[in-house]
Structure formats: C-alpha cells, structure tokens
Amino acid sequence: MKDDSILEPLKMFNSKFKQLQHENGEKYFEELVKESKIDVNANRETIKKYKNEFEQGQYYEKKEGSVRGIKILLVIFGIAALISGLAMAFSGIKSSSALFIVLGIAIFALGIFSFVAVFTKINKIIEERKRKKEEFYKKASDLKVIAYNQMAPLNSLYDYYMTSEIIEHTSPLIQLDDIFDADKYEYLHEKFNLGEVTDPNTSVNYVVSGSIVGNPFVIVNTFNMQMVQKVYTGSIVIHWTTIERSKNGTRTVHHSQTLTASVTKPAPDYYYDTRLIYGCDAAPNLSFGHEPTNINGMNERQLEKYVKRETKKLEEKEEKATKNGENFTVMANNEFDALFNGDDRDNEVEFRLLFTPLAQKNMLDLLKSKVPYGDDFYFYKHKKLNYIISSHSQNFDYNPDMSIFHHFDVDEAKKNFVEFNDKYYQNLYFDLAPLLAIPSYQQIKTQEYIYNTPYRANITSYEHESLANRFDKDLLKHPESSTNLIIKTKFDAKNGKSDQVTIEAHSFKAVKQTTVVSKLGGDGRMHAVPVVWYEYIPIVKNTLMEAKNTKLRKNEYLKEKNNSEFSQFMSQYSKNNAIIYERGLFSVLLDKELDENSSLKFNSLLARKGEKE
C-alpha cells in the first residue's frame with residue numbers, strides 16, 4: 001500500500017509539493033484545453049493582432065495627451081500675452097512711450113497668434129490623433145470579442161471541483177469534498193462535538209470540507225457583527241469681548257473659541273473570519289492554545305534571548321504549579337516549549353504523546369521559517385477538535401467564483417489558472433501544516449460513525465447560510481436598513497430532495513439623535529454643544545429560499561437550466577428571478593411558500609435521470 005504520509009511538512013513542501021502542484025496545475029489546464037477543443041494558435045494570432053492594435057491606440061492616446069498639453073500651454077500663454085500686451089500698450093499711450101506701445105502690440109499679437117494656432121492647427125492635430133486612437137481601440141475591442149468567442153468553450157468548463165482534483169494529485173493525503181454534506185457534519189458533530197453556527201451575530205459566508213486520512217476538517221469563513229463603542233464629536237464657536245485698559249486708555253478685544261464635546265454610543269462593526277477546524281481522536285482529553293510569537297523577524301541572537309526569557313517564565317510557572325499541587329512540567333526541549341508557548345495545556349501526558357521529538361522538530365521548523373508565512377497562526381486544541389486561524393487565510397477566498405478564470409487570452413488564462421491553484425494549495429497546506437507536523441494526526445484514523453438518525457435536512461445549515469450569502473443583499477435587506485447584513489437561516493421543512501429555508505437578514509436602522517453637552521467657555525459661561533450621533537435599532541427581514549443538491553457539474557447545470565420547464569417555474573415562483581448555483585448546490589428566492597405541487601416541480605428541476613420526483 002502506498003504511503004502518502006507527510007512526515008516533514010515544511011521540507012516536503014519546499015522540496016516536492018510546491019513544484020509538483022505547479023506542474024499538476026499546468027497539466028490540468030492543458031487537459032482542459034484539449035477537452036474544450038479551442039484553436040490555441042488561432043487565439044494566439046488574434047491576441048497578437050489585438051495587442052498590436054491596442055498598443056497603437058495607447059501610442060496615439062499619449063500623442064493626443066502631449067498635444068493637449070501644448071494646447072493648454074498655448075492658451076495660458078495667449079491669455080497672459082493678451083493681458084500683458086494690452087497693459088503695456090495702454091501704459092505706453094499714457095506715458096507717450098512708443099517703445100511700450102510697439103512692444104505691447106507685438107506681445108498682444110503673439111497672444112492672438114497663440115489662439116489662431118490652437119484653433120487652426122492644434123485642435124486639428126488633437127482631433128486627428130483622437131480619431132486614430134479610437135480607431136485602433138475599436139479594432140482592439142472587436143478583436144477582444146473575437147478572442148473571447150474563441151475562448152468560450154474553455155471558459156465554460158471551469159468548475160469548483162478542479163482545484164480539489166489538482167491538490168489530490170499533488171498530495172493524496174489531503175482530500176477536499178464537493179460540499180460540506182450532512183454525513184460529514186454528523187461525523188464531526190457526533191464524534192468531535194462540532195456544533196452548528198447558532199450565534200445570531202455570526203453568518204457562514206462559505207464552507208469547504210475535506211479530510212486527512214479520513215479525519216475530517218472544515219474551513220469556515222464567517223461574517224460577524226460586534227457592537228463597539230463609537231465616539232461622536234460636535235463643536236460650536238463662541239465669541240465674546242473684553243475691555244483692556246492701559247496708560248493710553250481702553251480698547252475692546254474680540255475673542256473666539258471652538259468648544260468641542262463628545263459622546264460615546266454603541267454601534268455595529270463587521271468583520272470576516274476564516275478558520276480551519278479539524279477532528280481527530282489523537283490525545284482526546286488534551287486542550288491547549290498557541291498564539292503567534294512574532295519571532296520571524298528575529299535574528300539568531302534575538303531568538304536565543306527570547307527562548308531564555310520564555311524558558312525562565314515557564315520554569316517559574318512549573319515551580320508555582322508544584323507548590324499549588326497543579327500539573328505543569330517544562331518540556332526537555334526548551335526551545336520548543338518557549339516558541340510553541342502551549343503552557344495552558346491541561347494534560348501533560350497526552351501533550352508529550354502528541355508532541356514527539358519529530359513533532360517538536362516539525363513545529364519548530366514551521367515557527368522559525370520566514371517563508372512563506374512562518375508563525376502567523378493560532379492553534380487551539382479543545383479535546384478532539386483542533387482550530388487553526390492563520391493570518392494568510394484571512395484575505396484568501398477558498399470558495400471563489402469560477403468567473404475569475406475567464407479570459408480572452410489562452411496564455412494569460414493558463415498563467416492565472418496555475419497561479420491561483422498554486423496559491424490555493426499553499427494557503428491550504430500551511431493551514432494544515434501545524435496538524436501535519438504532528439505524525440499522530442496522520443497515523444490515527446477515527447472509527448467511522450454509524451448514523452442511526454437521518455440529518456433533519458437535505459443540506460447542512462452551514463451550506464444553507466453559504467447559499468443565502470451569495471444572493472444580492474439588496475433583495476434580502478430590510479428597506480430601512482442602514483448597515484451591513486448578518487444572514488441567518490432557519491430550516492423550515494424537507495420538501496422531498498429540497499429544503500425550504502427562511503433567510504433572516506439582520507441589520508440596523510440608524511436613527512439620528514442629538515445630545516447636548518454643557519461645556520465651560522473662555523468667557524466663563526456654560527455653553528450647550530450639540531453632538532449628533534446615531535442610535536442603531538435592530539431590524540430583520542425574512543425571505544423564503546428553496547435549496548437542493550443537484551450534484552450536477554457546471555456544464556450539466558448550464559445545459560439543464562435552458563429548458564422551458566425551468567424558465568416557467570422561475571417566472572411563476574422566483575423572486576426577481578434570483579437563483580444561485582455553485583458546487584452542485586442550487587437555490588432560489590421565492591415570492592411565496594411552495595405547495596405540494598410546486599414542490600414536486602422544483603424537485604424535478606435539474607434532477608439527474610432517474611431522480612425526478
């Protein structure tokens with residue numbers, strides 16, 4: 001049996017997987033090109049012509065710009081010459097200076113000549129260069145349309161599963177699922193105690209699931225709301241006068257002062273969060289936490305000092321724990337203990353069983369590496385669940401729209417496709433790397449869970465919210481909403497193979513308020529300073545959604561949706577023809593709840609042969 005273990009994750013990425021992933025991405029793209037049957041040479045010839053026409057357009061655009069610059073200078077010079085010439089001529093007339101009169105007329109004539117040159121010569125040159133620019137850009141635009149048409153068969157093939165297939169070829173140990181299905185959720189829920197996202201201030205934006213040696217993981221991207229204290233300020237300007245006396249008498253002095261006041265009120269703040277959650281039976285009673293140490297910018301001397309300082313803290317903690325009858329023992333590997341800083345561990349035996357000498361070495365390699373990310377991750381273990389929250393994944397989309405691959409240039413399309421899949425693999429790999437660093441996580445495969453009770457819905461609540469978040473927010477938000485939305489979903493009922501779901505769009509109505517704050521002015525009086533602020537009142541709007549797992553690939557979906565049955569259903573039941581298809585999941589916003597007959601119609605849509613209800 002082939003051993004796909006990743007014993008030294010950092011070393012294996014640099015020596016093997018990085019290049020292998022790049023090569024697999026290139027091979028996969030070439031297979032797509034073959035399947036699409038596009039004429040690569042014809043596209044390259046079109047692109048060559050397109051670039052030539054576009055570059056000519058840019059050339060004449062620059063030429064037009066330079067002449068426009070000359071025109072501006074001539075106009076400025078002409079205006080200045082007309083004004084100064086007239087002024088000099090009138091000055092000469094007043095002083096009876098023939099020289100000033102002649103110079104004034106000459107300068108004035110130069111001004112006239114500048115405007116004549118602008119209107120008779122410069123404008124014509126500008127128009128000619130503008131005409132040529134537009135002519136070349138038009139040709140380039142027409143060629144771009146031709147190129148897109150040439151690439152259309154390839155652009156239609158991009159689908160969500162391609163990245164997972166490339167990654168599986170690179171490292172078979174890591175497998176990604178099409179969707180986070182009910183079986184995988186129940187596995188994580190029953191075996192590892194993963195719950196649904198019930199927090200009303202957290203919405204699942206997208207979810208990606210997979211496994212390492214059968215041990216499941218999910219990457220969950222959430223959109224979150226928290227109330228923060230916001231400071232509002234207001235100000236007024238006050239005026240007063242005082243009388244000052246001196247040996248020369250008295251004088252009135254005018255004073256002014258800006259009085260500023262502030263009030264602090266709660267306001268909503270929104271942010272995204274991405275985390276990987278991994279379930280494994282290894283060290284099932286152990287919990288700990290690692291937070292980034294920011295050591296990647298340190299040189300060897302600074303790192304040595306840091307380890308000594310942290311080791312001293314750990315030894316003091318051990319001494320204190322011994323006195324209090326608590327269980328904490330410093331690891332023999334001081335460097336690992338100091339840099340991993342998992343000193344909140346609650347089971348010393350299991351911690352040492354998990355972090356064998358090889359695991360410690362692997363983890364130190366990750367923490368001390370400067371590329372690609374180093375120690376940029378939080379690693380929390382709570383019994384059988386492990387959480388990885390990395391900085392590099394906070395701004396990466398693990399569930400992109402396939403349109404990002406669409407291009408009119410086959411060579412640029414290949415470059416973009418391969419670069420994206422390289423980046424995807426690198427981000428995923430180094431989210432998993434802290435787990436891969438621990439050999440036990442690859443050696444222990446959790447026993448399969450036997451599902452006695454079917455999941456309540458066809459699709460998990462994670463995927464319900466993910467689908468709901470794909471819709472245009474303007475269709476979901478309350479008409480009085482002034483803020484972002486937190487989308488929550490409520491499962492209503494199973495309708496055969498589809499789910500009826502209520503989308504709850506939570507937001508706030510901002511109501512303008514004014515608070516008057518008394519401030520003492522320099523005039524010795526109290527003044528009322530108005531401060532405008534906003535009170536955020538929670539509001540919610542409900543919208544019905546019907547969703548099902550079609551299990552169709554994108555090209556199958558595009559073919560099936562172009563039938564009269566599909567169009568008829570959407571025109572009759574959908575809200576604003578709002579439909580979402582991604583990763584085989586299909587959902588539609590409804591104007592009204594489906595009855596039994598319309599539910600049957602919905603289930604028959606996009607159904608594979610033999611599945612129609």
# chains A, B, ... in the order shown; residues from 1 in each chain; ligands from 1
>>> select_by_dssp(residues="stretch 498-597 of chain A", states="strand (DSSP E or B)", output="number ranges by chain")
A: 498-520, 526-549, 574-582, 585-590
>>> residues_around(residues="A:Val204", least_positions_apart="3", cutoff="6 Å", atoms="only C-alpha atoms", output="list in words")
Thr222, Glu465 and Ser466 of chain A
>>> write_last_selection(atoms="all heavy atoms", output="tab-separated table (two decimals), in the first residue's frame")
chain	number	residue	atom	x	y	z
A	222	THR	N	-16.65	33.17	8.09
A	222	THR	CA	-17.87	33.77	8.65
A	222	THR	C	-17.82	35.29	8.53
A	222	THR	O	-16.75	35.90	8.49
A	222	THR	CB	-18.04	33.40	10.13
A	222	THR	OG1	-16.86	33.78	10.86
A	222	THR	CG2	-18.29	31.92	10.30
A	465	GLU	N	-26.60	28.76	4.88
A	465	GLU	CA	-26.16	30.15	5.06
A	465	GLU	C	-25.20	30.58	3.97
A	465	GLU	O	-25.22	31.72	3.52
A	465	GLU	CB	-25.54	30.34	6.45
A	465	GLU	CG	-26.58	30.42	7.53
A	465	GLU	CD	-26.04	30.84	8.90
A	465	GLU	OE1	-24.88	31.31	8.98
A	465	GLU	OE2	-26.77	30.66	9.88
A	466	SER	N	-24.34	29.66	3.55
A	466	SER	CA	-23.41	29.97	2.47
A	466	SER	C	-24.16	30.34	1.20
A	466	SER	O	-23.83	31.32	0.52
A	466	SER	CB	-22.49	28.77	2.21
A	466	SER	OG	-21.63	29.01	1.12
>>> residues_around(residues="A:Pro434", least_positions_apart="2", cutoff="9 Å", atoms="only C-alpha atoms", output="list in words")
Pro9, Asn362, Met363, Leu366, Phe377, Phe379, Ile388, Phe430, Asp431, Leu432, Leu436, Ala437 and Ile438 of chain A
>>> residues_around(residues="A:Phe586", least_positions_apart="5", cutoff="12 Å", atoms="only C-alpha atoms", output="number ranges by chain")
A: 179, 459, 463-464, 466-468, 470-471, 497-499, 545-554, 557-558, 561, 578-581, 602-603, 605-607
>>> write_last_selection(atoms="C-alpha atoms", output="JSON list (two decimals), in the first residue's frame")
[["chain", "number", "residue", "atom", "x", "y", "z"],
["A", 179, "ILE", "CA", -19.79, 20.22, -0.45],
["A", 459, "ILE", "CA", -28.35, 20.28, 3.11],
["A", 463, "GLU", "CA", -24.39, 25.36, 3.32],
["A", 464, "HIS", "CA", -27.82, 26.99, 3.76],
["A", 466, "SER", "CA", -23.41, 29.97, 2.47],
["A", 467, "LEU", "CA", -26.01, 29.88, -0.31],
["A", 468, "ALA", "CA", -28.05, 32.68, 1.25],
["A", 470, "ARG", "CA", -24.46, 34.51, -2.37],
["A", 471, "PHE", "CA", -27.67, 36.39, -3.19],
["A", 497, "LYS", "CA", -34.96, 16.28, -2.05],
["A", 498, "SER", "CA", -35.09, 20.04, -1.44],
["A", 499, "ASP", "CA", -35.13, 22.20, 1.69],
["A", 545, "MET", "CA", -35.44, 30.18, -0.10],
["A", 546, "GLU", "CA", -35.70, 26.71, -1.63],
["A", 547, "ALA", "CA", -32.45, 24.74, -2.00],
["A", 548, "LYS", "CA", -31.32, 21.35, -3.23],
["A", 549, "ASN", "CA", -28.15, 19.44, -4.02],
["A", 550, "THR", "CA", -28.32, 18.75, -7.75],
["A", 551, "LYS", "CA", -24.91, 17.02, -7.80],
["A", 552, "LEU", "CA", -24.54, 18.45, -11.31],
["A", 553, "ARG", "CA", -21.31, 19.79, -12.73],
["A", 554, "LYS", "CA", -21.42, 23.32, -14.07],
["A", 557, "TYR", "CA", -26.30, 22.70, -14.98],
["A", 558, "LEU", "CA", -25.96, 25.23, -17.81],
["A", 561, "LYS", "CA", -31.38, 25.25, -16.97],
["A", 578, "ALA", "CA", -32.90, 35.27, -8.13],
["A", 579, "ILE", "CA", -31.12, 31.92, -8.46],
["A", 580, "ILE", "CA", -27.76, 30.65, -7.24],
["A", 581, "TYR", "CA", -25.80, 27.65, -8.46],
["A", 602, "PHE", "CA", -38.96, 22.26, -8.04],
["A", 603, "ASN", "CA", -37.59, 18.80, -7.24],
["A", 605, "LEU", "CA", -35.69, 20.75, -11.92],
["A", 606, "LEU", "CA", -32.02, 19.95, -12.57],
["A", 607, "ALA", "CA", -32.60, 16.35, -11.48]]
>>> closest_residue(among="A:Asn205, A:Thr260, A:Asn224, A:Asn123", to="A:Val237", atoms="only C-alpha atoms")
A:Thr260
>>> select_by_dssp(residues="stretch 276-525 of chain A", states="helix (DSSP H, G or I)", output="VMD selection string")
chain A and resid 300 to 323 334 to 340 348 to 354 357 to 368 402 to 405 410 to 436 440 to 443 461 to 468 473 to 476
>>> residues_around(residues="A:Glu134", least_positions_apart="3", cutoff="9 Å", atoms="only C-alpha atoms", output="number ranges by chain")
A: 57, 60-61, 129-131, 137-139
>>> write_last_selection(atoms="C-alpha atoms", output="short mmCIF file (atom, residue, chain, number, x, y, z; two decimals), in the first residue's frame")
data_model
loop_
_atom_site.label_atom_id
_atom_site.label_comp_id
_atom_site.auth_asym_id
_atom_site.auth_seq_id
_atom_site.Cartn_x
_atom_site.Cartn_y
_atom_site.Cartn_z
CA GLY A 57 -4.20 53.05 -29.54
CA TYR A 60 -1.92 57.82 -30.19
CA GLU A 61 -3.50 58.37 -26.77
CA ARG A 129 -4.88 61.73 -33.06
CA LYS A 130 -8.12 61.18 -31.15
CA ARG A 131 -9.65 59.67 -34.32
CA TYR A 137 -9.04 50.91 -29.76
CA LYS A 138 -12.17 49.96 -31.71
CA LYS A 139 -10.20 47.40 -33.72
#
>>> residues_around(residues="A:Ala457", least_positions_apart="4", cutoff="8 Å", atoms="only C-alpha atoms", output="PyMOL selection string")
chain A and resi 182+491+493-494+499
